[in-house]
>>> print(open('my_file_18.pdb').read())   # PDB, C-alpha atoms
ATOM      1  CA  MET A   1      21.358  -2.034   3.391
ATOM      2  CA  SER A   2      23.530  -4.717   1.765
ATOM      3  CA  ASP A   3      23.097  -7.033   4.778
ATOM      4  CA  ASP A   4      19.294  -6.822   4.569
ATOM      5  CA  PRO A   5      17.903 -10.092   3.117
ATOM      6  CA  LEU A   6      14.632  -8.418   2.099
ATOM      7  CA  VAL A   7      16.070  -5.963  -0.431
ATOM      8  CA  ALA A   8      14.475  -6.795  -3.787
ATOM      9  CA  PRO A   9      15.307  -5.837  -7.387
ATOM     10  CA  ARG A  10      13.914  -2.560  -8.685
ATOM     11  CA  ALA A  11      14.281  -3.585 -12.325
ATOM     12  CA  GLY A  12      15.274  -6.411 -14.614
ATOM     13  CA  LEU A  13      12.725  -9.037 -13.582
ATOM     14  CA  THR A  14      12.209 -11.765 -16.174
ATOM     15  CA  GLY A  15      10.441 -15.083 -16.545
ATOM     16  CA  ALA A  16       8.666 -16.600 -13.561
ATOM     17  CA  ARG A  17       9.732 -13.821 -11.201
ATOM     18  CA  ALA A  18       8.242 -11.138 -13.427
ATOM     19  CA  GLU A  19       5.043 -13.156 -13.708
ATOM     20  CA  LEU A  20       4.893 -13.503  -9.921
ATOM     21  CA  ALA A  21       5.350  -9.736  -9.542
ATOM     22  CA  ARG A  22       2.460  -9.103 -11.928
ATOM     23  CA  ASP A  23       0.266 -11.590 -10.056
ATOM     24  CA  LEU A  24       1.074  -9.984  -6.694
ATOM     25  CA  GLU A  25       0.187  -6.528  -8.002
ATOM     26  CA  VAL A  26      -3.208  -7.850  -9.105
ATOM     27  CA  VAL A  27      -3.798  -9.451  -5.702
ATOM     28  CA  ALA A  28      -2.683  -6.307  -3.852
ATOM     29  CA  HIS A  29      -5.005  -4.184  -6.002
ATOM     30  CA  ARG A  30      -7.948  -6.382  -4.983
ATOM     31  CA  ALA A  31      -6.889  -6.217  -1.322
ATOM     32  CA  TRP A  32      -6.999  -2.394  -1.331
ATOM     33  CA  PRO A  33      -9.857  -1.454  -3.695
ATOM     34  CA  PRO A  34      -9.662   2.217  -4.673
ATOM     35  CA  LEU A  35     -12.709   4.391  -4.162
ATOM     36  CA  HIS A  36     -12.551   5.911  -7.649
ATOM     37  CA  VAL A  37     -11.061   4.352 -10.782
ATOM     38  CA  THR A  38     -10.536   5.478 -14.364
ATOM     39  CA  GLU A  39      -9.196   2.972 -16.885
ATOM     40  CA  LEU A  40      -6.813   4.461 -19.431
ATOM     41  CA  ALA A  41      -5.787   1.718 -21.874
ATOM     42  CA  GLY A  42      -3.276  -0.311 -19.836
ATOM     43  CA  TRP A  43      -3.257   2.046 -16.854
ATOM     44  CA  THR A  44      -5.604   2.144 -13.885
ATOM     45  CA  LEU A  45      -5.917   5.593 -12.298
ATOM     46  CA  ARG A  46      -6.828   5.245  -8.611
ATOM     47  CA  ALA A  47      -8.090   7.829  -6.123
ATOM     48  CA  SER A  48      -9.164   7.127  -2.542
ATOM     49  CA  ALA A  49      -9.587  10.454  -0.745
ATOM     50  CA  GLY A  50      -5.860  10.532   0.007
ATOM     51  CA  ALA A  51      -5.959   7.252   1.976
ATOM     52  CA  SER A  52      -2.664   5.444   1.233
ATOM     53  CA  ARG A  53      -0.278   5.994  -1.622
ATOM     54  CA  ARG A  54      -1.366   2.839  -3.461
ATOM     55  CA  GLY A  55      -4.982   3.967  -3.462
ATOM     56  CA  ASN A  56      -4.041   7.357  -4.926
ATOM     57  CA  SER A  57      -1.607   6.392  -7.661
ATOM     58  CA  VAL A  58      -1.508   5.059 -11.199
ATOM     59  CA  TRP A  59      -1.191   1.297 -11.571
ATOM     60  CA  ALA A  60       0.743   1.153 -14.838
ATOM     61  CA  HIS A  61       0.213  -2.518 -15.645
ATOM     62  CA  GLY A  62      -0.068  -2.183 -19.422
ATOM     63  CA  ASP A  63       0.819  -0.043 -22.410
ATOM     64  CA  VAL A  64      -0.815   3.188 -23.503
ATOM     65  CA  PRO A  65      -0.973   4.234 -27.174
ATOM     66  CA  ASP A  66       0.129   7.847 -26.609
ATOM     67  CA  LEU A  67       2.359   8.366 -23.569
ATOM     68  CA  PRO A  68       2.361  12.223 -23.517
ATOM     69  CA  ALA A  69      -1.424  12.279 -23.853
ATOM     70  CA  ALA A  70      -1.768   9.654 -21.120
ATOM     71  CA  LEU A  71       0.417  11.706 -18.755
ATOM     72  CA  ALA A  72      -1.780  14.731 -19.409
ATOM     73  CA  THR A  73      -4.868  12.667 -18.581
ATOM     74  CA  VAL A  74      -3.219  11.508 -15.352
ATOM     75  CA  THR A  75      -2.510  15.121 -14.377
ATOM     76  CA  ASP A  76      -6.112  16.126 -15.046
ATOM     77  CA  PHE A  77      -7.480  13.143 -13.108
ATOM     78  CA  TYR A  78      -5.486  13.886  -9.969
ATOM     79  CA  ARG A  79      -6.042  17.633 -10.247
ATOM     80  CA  ALA A  80      -9.794  16.935 -10.125
ATOM     81  CA  ALA A  81      -9.221  14.732  -7.053
ATOM     82  CA  GLY A  82      -7.153  17.442  -5.335
ATOM     83  CA  LEU A  83      -4.051  15.215  -5.387
ATOM     84  CA  PRO A  84      -0.633  15.354  -7.042
ATOM     85  CA  PRO A  85      -0.153  13.086 -10.075
ATOM     86  CA  THR A  86       1.459   9.915  -8.718
ATOM     87  CA  PHE A  87       2.602   6.600 -10.182
ATOM     88  CA  GLN A  88       3.371   3.356  -8.416
ATOM     89  CA  GLN A  89       6.598   2.327 -10.174
ATOM     90  CA  THR A  90       7.411  -1.409 -10.180
ATOM     91  CA  PRO A  91       9.865  -3.502 -12.217
ATOM     92  CA  VAL A  92       6.927  -4.655 -14.355
ATOM     93  CA  SER A  93       5.371  -1.224 -14.946
ATOM     94  CA  ARG A  94       4.507  -0.468 -18.560
ATOM     95  CA  PRO A  95       5.548   0.885 -20.926
ATOM     96  CA  SER A  96       9.140  -0.135 -20.370
ATOM     97  CA  GLY A  97      10.435   3.429 -20.721
ATOM     98  CA  LEU A  98       8.035   4.911 -18.176
ATOM     99  CA  ALA A  99      10.673   5.477 -15.482
ATOM    100  CA  ALA A 100      12.824   7.595 -17.801
ATOM    101  CA  VAL A 101       9.818   9.666 -18.829
ATOM    102  CA  LEU A 102       8.911  10.313 -15.195
ATOM    103  CA  ASP A 103      12.528  11.278 -14.473
ATOM    104  CA  ALA A 104      12.433  13.812 -17.268
ATOM    105  CA  ALA A 105       9.142  15.216 -15.970
ATOM    106  CA  ASP A 106      10.632  15.782 -12.468
ATOM    107  CA  PHE A 107       8.596  13.121 -10.703
ATOM    108  CA  ASP A 108      10.261  12.378  -7.373
ATOM    109  CA  ASP A 109      11.008   8.836  -6.158
ATOM    110  CA  THR A 110       9.949   8.047  -2.589
ATOM    111  CA  GLY A 111       8.890   5.291  -0.240
ATOM    112  CA  PRO A 112      10.943   2.328  -1.524
ATOM    113  CA  THR A 113       9.023  -0.789  -0.502
ATOM    114  CA  ASP A 114       9.847  -4.480  -0.871
ATOM    115  CA  VAL A 115       7.202  -7.081  -1.670
ATOM    116  CA  CYS A 116       8.049 -10.368   0.032
ATOM    117  CA  THR A 117       6.495 -13.825   0.156
ATOM    118  CA  ALA A 118       6.704 -16.919   2.355
ATOM    119  CA  PRO A 119       4.943 -20.285   2.640
ATOM    120  CA  LEU A 120       2.337 -20.290   5.399
ATOM    121  CA  ALA A 121       3.579 -23.634   6.702
ATOM    122  CA  GLY A 122       6.637 -21.866   8.085
ATOM    123  CA  PHE A 123       4.776 -19.818  10.691
ATOM    124  CA  ALA A 124       1.099 -20.849  10.862
ATOM    125  CA  ARG A 125       1.506 -22.341  14.312
ATOM    126  CA  PRO A 126       1.225 -21.160  17.931
ATOM    127  CA  VAL A 127       3.981 -18.881  19.188
ATOM    128  CA  ARG A 128       5.356 -19.337  22.705
ATOM    129  CA  ALA A 129       7.485 -16.182  22.786
ATOM    130  CA  GLY A 130       6.210 -13.265  24.843
ATOM    131  CA  PRO A 131       4.681 -12.843  28.285
ATOM    132  CA  PRO A 132       2.243 -15.548  29.451
ATOM    133  CA  THR A 133      -0.609 -13.015  29.557
ATOM    134  CA  LEU A 134      -0.281 -12.209  25.834
ATOM    135  CA  ARG A 135      -3.609 -12.962  24.161
ATOM    136  CA  VAL A 136      -5.018 -12.397  20.687
ATOM    137  CA  LEU A 137      -8.540 -11.681  19.510
ATOM    138  CA  CYS A 138      -9.864 -12.070  15.962
ATOM    139  CA  ALA A 139     -12.745 -10.083  14.498
ATOM    140  CA  SER A 140     -14.346  -9.657  11.087
ATOM    141  CA  GLY A 141     -14.160  -5.871  11.283
ATOM    142  CA  PRO A 142     -12.116  -3.106  12.929
ATOM    143  CA  ASP A 143     -13.563  -2.129  16.286
ATOM    144  CA  GLU A 144     -12.602   1.062  18.098
ATOM    145  CA  THR A 145      -9.860  -0.693  20.080
ATOM    146  CA  TRP A 146      -8.243  -2.010  16.918
ATOM    147  CA  LEU A 147      -8.512   1.392  15.249
ATOM    148  CA  THR A 148      -7.027   3.191  18.254
ATOM    149  CA  VAL A 149      -3.901   1.026  18.273
ATOM    150  CA  ALA A 150      -3.530   1.213  14.493
ATOM    151  CA  GLY A 151      -4.017   4.981  14.526
ATOM    152  CA  GLN A 152      -1.141   5.498  16.951
ATOM    153  CA  VAL A 153       1.290   3.908  14.500
ATOM    154  CA  LEU A 154      -0.141   4.160  10.964
ATOM    155  CA  ALA A 155      -1.142   7.390   9.218
ATOM    156  CA  THR A 156      -3.766   5.496   7.223
ATOM    157  CA  PHE A 157      -5.746   5.033  10.450
ATOM    158  CA  ASP A 158      -4.979   8.477  11.855
ATOM    159  CA  THR A 159      -4.985  11.452   9.496
ATOM    160  CA  GLN A 160      -6.391   9.323   6.639
ATOM    161  CA  ARG A 161      -8.898   7.392   8.743
ATOM    162  CA  ASP A 162     -12.135   8.355   6.946
ATOM    163  CA  GLY A 163     -10.814   7.436   3.511
ATOM    164  CA  THR A 164      -9.230   4.258   4.844
ATOM    165  CA  LEU A 165     -12.480   3.059   6.404
ATOM    166  CA  ALA A 166     -14.260   3.760   3.118
ATOM    167  CA  VAL A 167     -11.717   1.591   1.275
ATOM    168  CA  LEU A 168     -12.063  -1.224   3.800
ATOM    169  CA  GLY A 169     -15.832  -0.965   3.505
ATOM    170  CA  ALA A 170     -15.503  -1.611  -0.235
ATOM    171  CA  LEU A 171     -13.364  -4.724   0.310
ATOM    172  CA  ARG A 172     -15.221  -7.939  -0.529
ATOM    173  CA  LEU A 173     -12.501 -10.521   0.140
ATOM    174  CA  PRO A 174     -12.419 -12.529   3.407
ATOM    175  CA  THR A 175     -10.680 -10.317   5.971
ATOM    176  CA  VAL A 176      -9.690 -10.720   9.608
ATOM    177  CA  TYR A 177      -8.609  -8.121  12.171
ATOM    178  CA  VAL A 178      -6.309  -9.324  14.943
ATOM    179  CA  THR A 179      -5.634  -7.529  18.230
ATOM    180  CA  ALA A 180      -2.922  -8.633  20.682
ATOM    181  CA  ALA A 181      -3.131  -7.611  24.326
ATOM    182  CA  VAL A 182      -0.972  -8.101  27.424
ATOM    183  CA  ASP A 183      -2.815  -8.177  30.736
ATOM    184  CA  GLY A 184      -5.868  -7.059  28.809
ATOM    185  CA  VAL A 185      -4.165  -3.943  27.408
ATOM    186  CA  PRO A 186      -4.132  -3.842  23.561
ATOM    187  CA  ILE A 187      -0.612  -3.345  22.220
ATOM    188  CA  ALA A 188      -0.548  -4.627  18.624
ATOM    189  CA  VAL A 189      -2.829  -5.196  15.651
ATOM    190  CA  GLY A 190      -2.733  -6.655  12.167
ATOM    191  CA  ARG A 191      -5.065  -7.351   9.278
ATOM    192  CA  GLY A 192      -5.212 -10.308   6.912
ATOM    193  CA  VAL A 193      -6.869 -10.617   3.504
ATOM    194  CA  ALA A 194      -7.405 -14.051   1.912
ATOM    195  CA  ASP A 195      -7.425 -14.304  -1.883
ATOM    196  CA  GLY A 196      -7.080 -17.812  -3.291
ATOM    197  CA  ARG A 197      -3.695 -19.218  -2.330
ATOM    198  CA  TRP A 198      -2.548 -15.875  -0.923
ATOM    199  CA  LEU A 199      -2.745 -14.267   2.497
ATOM    200  CA  GLY A 200      -2.062 -10.545   2.356
ATOM    201  CA  ILE A 201      -0.612  -9.241   5.630
ATOM    202  CA  TYR A 202      -1.520  -5.602   6.182
ATOM    203  CA  SER A 203      -1.814  -2.907   8.858
ATOM    204  CA  MET A 204       0.776  -4.407  11.172
ATOM    205  CA  ALA A 205       1.236  -2.017  14.113
ATOM    206  CA  THR A 206       2.769  -2.401  17.568
ATOM    207  CA  LEU A 207       2.757   0.435  20.093
ATOM    208  CA  PRO A 208       6.353   1.708  20.470
ATOM    209  CA  ALA A 209       6.444   1.132  24.236
ATOM    210  CA  ALA A 210       5.332  -2.478  23.787
ATOM    211  CA  ARG A 211       7.800  -3.621  21.151
ATOM    212  CA  GLY A 212      10.033  -6.583  21.825
ATOM    213  CA  GLN A 213       7.367  -8.620  23.659
ATOM    214  CA  GLY A 214       6.541 -10.963  20.777
ATOM    215  CA  ALA A 215       3.179  -9.405  19.997
ATOM    216  CA  ALA A 216       3.822  -8.837  16.277
ATOM    217  CA  ARG A 217       5.063 -12.407  15.877
ATOM    218  CA  GLN A 218       1.894 -13.682  17.557
ATOM    219  CA  VAL A 219      -0.283 -11.497  15.317
ATOM    220  CA  VAL A 220       1.395 -12.881  12.177
ATOM    221  CA  ALA A 221       0.996 -16.473  13.403
ATOM    222  CA  THR A 222      -2.682 -15.853  14.095
ATOM    223  CA  LEU A 223      -3.208 -14.340  10.643
ATOM    224  CA  ALA A 224      -1.473 -17.320   9.054
ATOM    225  CA  SER A 225      -3.549 -19.838  10.995
ATOM    226  CA  TRP A 226      -6.746 -18.066   9.953
ATOM    227  CA  ALA A 227      -5.639 -17.904   6.303
ATOM    228  CA  ALA A 228      -4.793 -21.614   6.219
ATOM    229  CA  GLN A 229      -8.404 -22.298   7.159
ATOM    230  CA  GLN A 230      -9.418 -20.159   4.141
ATOM    231  CA  GLY A 231      -7.316 -22.355   1.853
ATOM    232  CA  ALA A 232      -4.291 -20.047   1.530
ATOM    233  CA  THR A 233      -0.820 -21.577   1.271
ATOM    234  CA  TYR A 234       1.428 -18.512   0.847
ATOM    235  CA  ALA A 235       1.650 -15.068   2.400
ATOM    236  CA  TYR A 236       2.770 -11.780   0.903
ATOM    237  CA  LEU A 237       3.462  -8.427   2.497
ATOM    238  CA  GLN A 238       4.864  -5.017   1.641
ATOM    239  CA  VAL A 239       7.537  -3.579   3.924
ATOM    240  CA  GLU A 240       9.124  -0.167   3.541
ATOM    241  CA  GLU A 241      12.894   0.183   3.454
ATOM    242  CA  VAL A 242      12.839   2.320   6.608
ATOM    243  CA  SER A 243      10.934  -0.277   8.699
ATOM    244  CA  THR A 244      14.070  -1.941  10.052
ATOM    245  CA  VAL A 245      12.470  -3.699  13.046
ATOM    246  CA  ALA A 246       9.671  -5.181  10.956
ATOM    247  CA  ARG A 247      12.135  -6.290   8.286
ATOM    248  CA  ARG A 248      14.129  -8.277  10.834
ATOM    249  CA  LEU A 249      10.995 -10.051  12.030
ATOM    250  CA  TYR A 250       9.794 -10.897   8.531
ATOM    251  CA  ALA A 251      13.204 -12.225   7.531
ATOM    252  CA  GLU A 252      13.240 -14.445  10.634
ATOM    253  CA  LEU A 253       9.804 -15.765   9.673
ATOM    254  CA  GLY A 254      11.111 -16.848   6.277
ATOM    255  CA  PHE A 255       9.909 -14.069   4.008
ATOM    256  CA  ARG A 256      12.025 -13.461   0.934
ATOM    257  CA  PRO A 257      11.908 -10.541  -1.527
ATOM    258  CA  VAL A 258      10.334 -10.639  -4.968
ATOM    259  CA  TYR A 259      10.474  -7.030  -6.188
ATOM    260  CA  ARG A 260      10.747  -3.438  -4.996
ATOM    261  CA  TYR A 261       8.465  -0.547  -5.889
ATOM    262  CA  SER A 262       8.353   3.148  -5.097
ATOM    263  CA  TYR A 263       6.034   6.085  -5.661
ATOM    264  CA  ARG A 264       6.730   8.721  -8.290
ATOM    265  CA  ARG A 265       4.998  11.965  -7.365
ATOM    266  CA  GLY A 266       4.926  14.710  -9.948
ATOM    267  CA  PRO A 267       4.850  18.464  -9.504
ATOM    268  CA  ILE A 268       1.420  20.042  -9.296
ATOM    269  CA  PRO A 269       1.008  21.975 -12.536
ATOM    270  CA  PRO A 270       0.017  25.634 -12.571
ATOM    271  CA  ALA A 271      -3.661  26.348 -12.943
ATOM    272  CA  PRO A 272      -4.802  27.098 -16.488
ATOM    273  CA  PRO A 273      -5.674  30.755 -17.050
ATOM    274  CA  ILE A 274      -9.318  31.712 -16.698
ATOM    275  CA  PRO A 275     -10.594  33.872 -19.546
ATOM    276  CA  ALA A 276     -11.539  37.416 -18.634
ATOM    277  CA  THR A 277     -15.261  38.112 -18.362
ATOM    278  CA  GLY A 278     -17.413  41.219 -18.034
ATOM    279  CA  SER A 279     -17.181  44.466 -19.975
ATOM    280  CA  ALA A 280     -14.263  45.257 -22.205
ATOM    281  CA  GLY A 281     -11.175  46.394 -20.367
ATOM    282  CA  SER A 282     -12.330  45.024 -16.983
ATOM    283  CA  ALA A 283     -10.590  41.684 -16.743
ATOM    284  CA  ARG A 284     -11.473  39.629 -13.647
ATOM    285  CA  SER A 285      -8.664  38.146 -11.575
ATOM    286  CA  ALA A 286      -8.128  34.443 -12.233
ATOM    287  CA  ARG A 287      -8.873  32.089  -9.329
ATOM    288  CA  PRO A 288      -6.200  29.539  -8.443
ATOM    289  CA  ALA A 289      -7.247  26.020  -9.399
ATOM    290  CA  PHE A 290      -6.130  24.572  -6.054
ATOM    291  CA  SER A 291      -6.850  25.366  -2.468
ATOM    292  CA  ALA A 292      -3.926  25.638  -0.060
ATOM    293  CA  GLN A 293      -4.695  22.120   1.111
ATOM    294  CA  GLU A 294      -4.514  20.788  -2.455
ATOM    295  CA  ARG A 295      -1.238  22.564  -3.155
ATOM    296  CA  ASN A 296       0.324  21.049  -0.044
ATOM    297  CA  ALA A 297      -1.085  17.523  -0.485
TER     298      ALA A 297
END
>>> encode(input="my_file_18.pdb", output="structure tokens")
Amino acid sequence: MSDDPLVAPRAGLTGARAELARDLEVVAHRAWPPLHVTELAGWTLRASAGASRRGNSVWAHGDVPDLPAALATVTDFYRAAGLPPTFQQTPVSRPSGLAAVLDAADFDDTGPTDVCTAPLAGFARPVRAGPPTLRVLCASGPDETWLTVAGQVLATFDTQRDGTLAVLGALRLPTVYVTAAVDGVPIAVGRGVADGRWLGIYSMATLPAARGQGAARQVVATLASWAAQQGATYAYLQVEEVSTVARRLYAELGFRPVYRYSYRRGPIPPAPPIPATGSAGSARSARPAFSAQERNA
């Protein structure tokens, strides 16, 4: 992907760029509040009923005094949640040697995602592209129409819908839900979260049969216009490496990369043995610690 202008560094951030990456991780954490949190020194352990990878991963934003002990605590936390131990690995994750430790522990490395930013002034204006019957509607919450379109494109609103709605219900920042329709038929949605100078662009989804009609561009412009009224001046978004169509659009809108992160998912450890009970010589069979669903999560 050498010709992709949104590819960001995975490591080696310093100075102002590293500080911006740390700030964006804080803002993104507030925009997707996990349902359950355990603080472990400089790590935040997040669990959200399986809804999204961010909401079910460790945010390693600081140091821990004993790394092996901290990894064991992470394993126990996610075992109790019925999830595999998972880290969100960024260029500013701490401690600095965390990536090597996860490599040695056979944590996989999936879902490379670039965090990009752009000034709102570049696209917070009406868009003329698209059919003349393209219209957008803004709402303060996700209605069934919005959820139906999102669920046809995004797993978070399909198989993970219950957990996702619980996360969104916990969100306290100003949020807008945008639906684009052509001839009254909904074809695209998006969600915006305002946090100080930042607009977070989330849940962008266009039905496959309706792509290329300018709906996503109109949704982004509408989100930006709304955010400007909230006092925001910049936008950020997270776009996966595999989302080639979306990446082209965001590059055209002026987004530029800041950093890349991925998810490091560890192997599910074997269940600890259960001591035998009952009379001598009649050991009871040990129950597995995970259900089939947990083992396959």
>>> residues_around(input="my_file_18.pdb", residues="Pro112 in chain A", least_positions_apart="3", cutoff="7 Å", atoms="all atoms listed in the file", output="list of chain:residue names")
A:Glu240, A:Glu241, A:Arg260, A:Tyr261, A:Ser262
>>> closest_residue(input="my_file_18.pdb", among="A:Ala99, A:Ala105, A:Val176, A:Val115", to="Glu25 in chain A", atoms="all atoms listed in the file")
A:Val115
>>> closest_atom_pairs(input="my_file_18.pdb", of="range 97-162 of chain A", to="range 26-48 of chain A", cutoff="12 Å", atoms="all atoms listed in the file", output="Markdown table")
| residue | atom | partner | partner_atom | distance |
| --- | --- | --- | --- | --- |
| A:Leu98 | CA | A:Trp43 | CA | 11.7 |
| A:Val115 | CA | A:Ala28 | CA | 10.2 |
| A:Thr156 | CA | A:Ser48 | CA | 11.3 |
| A:Gln160 | CA | A:Ser48 | CA | 9.8 |
| A:Arg161 | CA | A:Ser48 | CA | 11.3 |
| A:Asp162 | CA | A:Ser48 | CA | 10.0 |
>>> write_last_selection(input="my_file_18.pdb", atoms="C-alpha atoms", output="short mmCIF file (atom, residue, chain, number, x, y, z; two decimals), in the coordinates of the input")
data_model
loop_
_atom_site.label_atom_id
_atom_site.label_comp_id
_atom_site.auth_asym_id
_atom_site.auth_seq_id
_atom_site.Cartn_x
_atom_site.Cartn_y
_atom_site.Cartn_z
CA LEU A 98 8.04 4.91 -18.18
CA VAL A 115 7.20 -7.08 -1.67
CA THR A 156 -3.77 5.50 7.22
CA GLN A 160 -6.39 9.32 6.64
CA ARG A 161 -8.90 7.39 8.74
CA ASP A 162 -12.14 8.36 6.95
#
>>> atom_distance(input="my_file_18.pdb", atom1="CA of Ala224 in chain A", atom2="CA of Tyr259 in chain A")
21.9 Å
>>> resolve_selection(input="my_file_18.pdb", expression="the PyMOL selection byres ((chain A and resi 53) around 10)", output="ChimeraX atom specification")
/A:46-48,50-52,54-58,86-88,111,156,262-263,265
>>> closest_residue(input="my_file_18.pdb", among="A:Thr179, A:Leu83, A:Arg256, A:Tyr234", to="Gly196 in chain A", atoms="all atoms listed in the file")
A:Tyr234
>>> residues_near_point(input="my_file_18.pdb", point="(-8.6, -12.7, -2.1)", cutoff="10 Å", atoms="only C-alpha atoms", output="number ranges by chain")
A: 27-28, 30-31, 171-175, 192-200, 230, 232
>>> atom_distance(input="my_file_18.pdb", atom1="CA of Ser96 in chain A", atom2="CA of Arg17 in chain A")
16.5 Å
>>> closest_residue(input="my_file_18.pdb", among="A:Ala251, A:Thr14, A:Val149, A:Gln218", to="Ile187 in chain A", atoms="only C-alpha atoms")
A:Val149
>>> atom_distance(input="my_file_18.pdb", atom1="CA of Thr145 in chain A", atom2="CA of Ser243 in chain A")
23.7 Å
>>> residues_around(input="my_file_18.pdb", residues="Ala181 in chain A", least_positions_apart="3", cutoff="10 Å", atoms="all atoms listed in the file", output="list in words")
Thr133, Leu134, Arg135, Val136, Leu137, Gly184, Val185, Pro186, Ile187, Ala188, Val189, Ala210 and Ala215 of chain A
>>> resolve_selection(input="my_file_18.pdb", expression="the PyMOL selection byres ((chain A and resi 3) around 12)", output="list in words")
Met1, Ser2, Asp4, Pro5, Leu6, Val7, Thr244, Arg247, Arg248 and Ala251 of chain A
>>> resolve_selection(input="my_file_18.pdb", expression="the PyMOL selection byres ((chain A and resi 150) around 8)", output="list in words")
Trp146, Leu147, Thr148, Val149, Gly151, Gln152, Val153, Leu154, Phe157, Asp158, Ala188, Val189, Ser203, Met204, Ala205 and Thr206 of chain A
>>> closest_residue(input="my_file_18.pdb", among="A:Asp63, A:Asp103, A:Asp108, A:Glu19", to="Gly266 in chain A", atoms="all atoms listed in the file")
A:Asp108
>>> closest_residue(input="my_file_18.pdb", among="A:Ala8, A:Ala49, A:Leu24, A:Leu67", to="Gly163 in chain A", atoms="all atoms listed in the file")
A:Ala49
>>> residues_around(input="my_file_18.pdb", residues="Arg22 in chain A", least_positions_apart="6", cutoff="9 Å", atoms="all atoms listed in the file", output="list in words")
His61, Val92 and Ser93 of chain A
